[in-house]
Amino acid sequence: MTWYIWLIIAIVCFIIETFTVEFTFLMLGGSALVATGVAFGTDSLVWQVLAFSVASLVLILFARPWALKKMNPQGPAAGNVYGQVGKHARTLTGVDDRSGRVKIGGDVWSARSTVGFIPEGADVVVVHIDGATAVVAPYTPQS
């Protein structure tokens with residue numbers, strides 16, 4: 001009779017996953033479905049919890065990393081603003097330690113410098129993201 005409790009846990013996990021999108025609750029929901037199946041076969045809570053635990057361990061350790069890599073092959077930082085770190089940019093205005101504008105790819109960012117004043121039109125590299133501001137340093141090509 002405990003199968004419906006595991007089913008509710010699975011549904012709640014799937015709903016939470018829609019807000020987090022990190023695949024953790026998806027794996028826990030899948031594990032709760034496994035426990036639901038075990039609950040149909042036995043009333044032993046020990047076996048149900050054991051099935052949930054083993055399934056959670058296997059899914060989180062093996063299926064979750066595979067799913068994350070499959071969904072975002074460039075890594076987690078590539079899909080957000082922190083993926084800008086290390087990219088080359090060009091200054092659109094003079095950039096100092098308080099303000100300036102740079103173009104990273106096709107986007108214009110507010111910027112500030114790590115080394116003092118950088119003139120307009122200079123090549124820079126993004127060393128850090130601070131909120132919506134790119135912290136940049138002069139670009140020096142490696143020989």
# chains A, B, ... in the order shown; residues from 1 in each chain; ligands from 1
>>> select_by_dssp(residues="chain A", states="helix (DSSP H, G or I)", output="PDB file with C-alpha atoms, in the first residue's frame")
ATOM      1  CA  TRP A   3       3.427   2.455  -3.582  1.00  0.00           C
ATOM      2  CA  TYR A   4       1.337   5.611  -3.820  1.00  0.00           C
ATOM      3  CA  ILE A   5       3.644   7.420  -1.359  1.00  0.00           C
ATOM      4  CA  TRP A   6       6.649   6.622  -3.595  1.00  0.00           C
ATOM      5  CA  LEU A   7       4.646   7.788  -6.617  1.00  0.00           C
ATOM      6  CA  ILE A   8       3.859  11.086  -4.899  1.00  0.00           C
ATOM      7  CA  ILE A   9       7.550  11.488  -4.031  1.00  0.00           C
ATOM      8  CA  ALA A  10       8.445  10.866  -7.681  1.00  0.00           C
ATOM      9  CA  ILE A  11       5.925  13.430  -8.933  1.00  0.00           C
ATOM     10  CA  VAL A  12       7.126  16.028  -6.415  1.00  0.00           C
ATOM     11  CA  CYS A  13      10.735  15.413  -7.495  1.00  0.00           C
ATOM     12  CA  PHE A  14       9.790  15.823 -11.163  1.00  0.00           C
ATOM     13  CA  ILE A  15       8.020  19.100 -10.386  1.00  0.00           C
ATOM     14  CA  ILE A  16      11.011  20.400  -8.422  1.00  0.00           C
ATOM     15  CA  GLU A  17      13.274  19.413 -11.328  1.00  0.00           C
ATOM     16  CA  THR A  18      11.380  21.768 -13.635  1.00  0.00           C
ATOM     17  CA  PHE A  19      12.586  24.646 -11.442  1.00  0.00           C
ATOM     18  CA  THR A  20      16.189  23.541 -10.913  1.00  0.00           C
ATOM     19  CA  THR A  24      19.383  15.818  -9.438  1.00  0.00           C
ATOM     20  CA  PHE A  25      15.674  15.735  -8.685  1.00  0.00           C
ATOM     21  CA  LEU A  26      15.051  13.947 -11.969  1.00  0.00           C
ATOM     22  CA  MET A  27      17.328  11.145 -10.778  1.00  0.00           C
ATOM     23  CA  LEU A  28      15.649  11.074  -7.357  1.00  0.00           C
ATOM     24  CA  GLY A  29      12.243  10.957  -9.042  1.00  0.00           C
ATOM     25  CA  GLY A  30      13.395   8.040 -11.178  1.00  0.00           C
ATOM     26  CA  SER A  31      14.626   6.307  -8.047  1.00  0.00           C
ATOM     27  CA  ALA A  32      11.246   6.865  -6.411  1.00  0.00           C
ATOM     28  CA  LEU A  33       9.638   5.202  -9.449  1.00  0.00           C
ATOM     29  CA  VAL A  34      11.942   2.210  -8.943  1.00  0.00           C
ATOM     30  CA  ALA A  35      10.837   2.091  -5.305  1.00  0.00           C
ATOM     31  CA  THR A  36       7.214   2.293  -6.517  1.00  0.00           C
ATOM     32  CA  GLY A  37       7.806  -0.825  -8.588  1.00  0.00           C
ATOM     33  CA  VAL A  38       9.400  -2.612  -5.646  1.00  0.00           C
ATOM     34  CA  ALA A  39       6.452  -1.586  -3.447  1.00  0.00           C
ATOM     35  CA  PHE A  40       4.120  -3.426  -5.843  1.00  0.00           C
ATOM     36  CA  GLY A  41       6.125  -6.607  -5.236  1.00  0.00           C
ATOM     37  CA  LEU A  45       9.813  -0.903   3.649  1.00  0.00           C
ATOM     38  CA  VAL A  46      13.437  -2.034   4.006  1.00  0.00           C
ATOM     39  CA  TRP A  47      13.503  -3.367   0.428  1.00  0.00           C
ATOM     40  CA  GLN A  48      11.767  -0.258  -0.882  1.00  0.00           C
ATOM     41  CA  VAL A  49      14.234   2.102   0.802  1.00  0.00           C
ATOM     42  CA  LEU A  50      17.129  -0.085  -0.321  1.00  0.00           C
ATOM     43  CA  ALA A  51      15.886   0.001  -3.923  1.00  0.00           C
ATOM     44  CA  PHE A  52      15.453   3.780  -3.734  1.00  0.00           C
ATOM     45  CA  SER A  53      18.949   4.201  -2.277  1.00  0.00           C
ATOM     46  CA  VAL A  54      20.710   1.985  -4.804  1.00  0.00           C
ATOM     47  CA  ALA A  55      18.827   3.515  -7.742  1.00  0.00           C
ATOM     48  CA  SER A  56      19.607   7.030  -6.472  1.00  0.00           C
ATOM     49  CA  LEU A  57      23.275   6.224  -6.127  1.00  0.00           C
ATOM     50  CA  VAL A  58      23.532   4.685  -9.582  1.00  0.00           C
ATOM     51  CA  LEU A  59      21.525   7.421 -11.306  1.00  0.00           C
ATOM     52  CA  ILE A  60      23.274  10.341  -9.596  1.00  0.00           C
ATOM     53  CA  LEU A  61      26.775   8.928 -10.043  1.00  0.00           C
ATOM     54  CA  PHE A  62      26.425   7.666 -13.623  1.00  0.00           C
ATOM     55  CA  ALA A  63      23.307   8.892 -15.426  1.00  0.00           C
ATOM     56  CA  ARG A  64      23.371  12.508 -14.169  1.00  0.00           C
ATOM     57  CA  PRO A  65      26.923  13.322 -15.403  1.00  0.00           C
ATOM     58  CA  TRP A  66      26.101  11.743 -18.756  1.00  0.00           C
ATOM     59  CA  ALA A  67      22.868  13.752 -19.031  1.00  0.00           C
ATOM     60  CA  LEU A  68      24.603  17.003 -18.071  1.00  0.00           C
ATOM     61  CA  LYS A  69      27.311  16.434 -20.665  1.00  0.00           C
ATOM     62  CA  LYS A  70      24.739  15.492 -23.310  1.00  0.00           C
ATOM     63  CA  MET A  71      22.617  18.585 -22.663  1.00  0.00           C
ATOM     64  CA  PRO A  76      28.241  24.361 -17.338  1.00  0.00           C
ATOM     65  CA  ALA A  77      29.971  27.724 -17.658  1.00  0.00           C
ATOM     66  CA  ALA A  78      29.494  27.952 -21.416  1.00  0.00           C
ATOM     67  CA  GLY A  79      25.797  28.579 -21.072  1.00  0.00           C
ATOM     68  CA  VAL A  81      27.777  34.807 -18.197  1.00  0.00           C
ATOM     69  CA  TYR A  82      30.758  33.195 -16.500  1.00  0.00           C
ATOM     70  CA  GLY A  83      31.465  31.505 -19.830  1.00  0.00           C
ATOM     71  CA  GLN A  84      32.752  34.914 -20.979  1.00  0.00           C
TER      72      GLN A  84
END
>>> atom_distance(atom1="CA of Val127 (chain A)", atom2="CA of Thr93 (chain A)")
18.1 Å
>>> atom_distance(atom1="CA of Arg101 (chain A)", atom2="CA of Thr133 (chain A)")
9.1 Å
>>> residues_around(residues="Pro141 (chain A)", least_positions_apart="2", cutoff="12 Å", atoms="only C-alpha atoms", output="VMD selection string")
chain A and resid 88 123 to 125 138 to 139 143
>>> select_by_dssp(residues="chain A", states="strand (DSSP E or B)", output="number ranges by chain")
A: 88-91, 95, 101-104, 107-113, 118, 123-130, 133-138
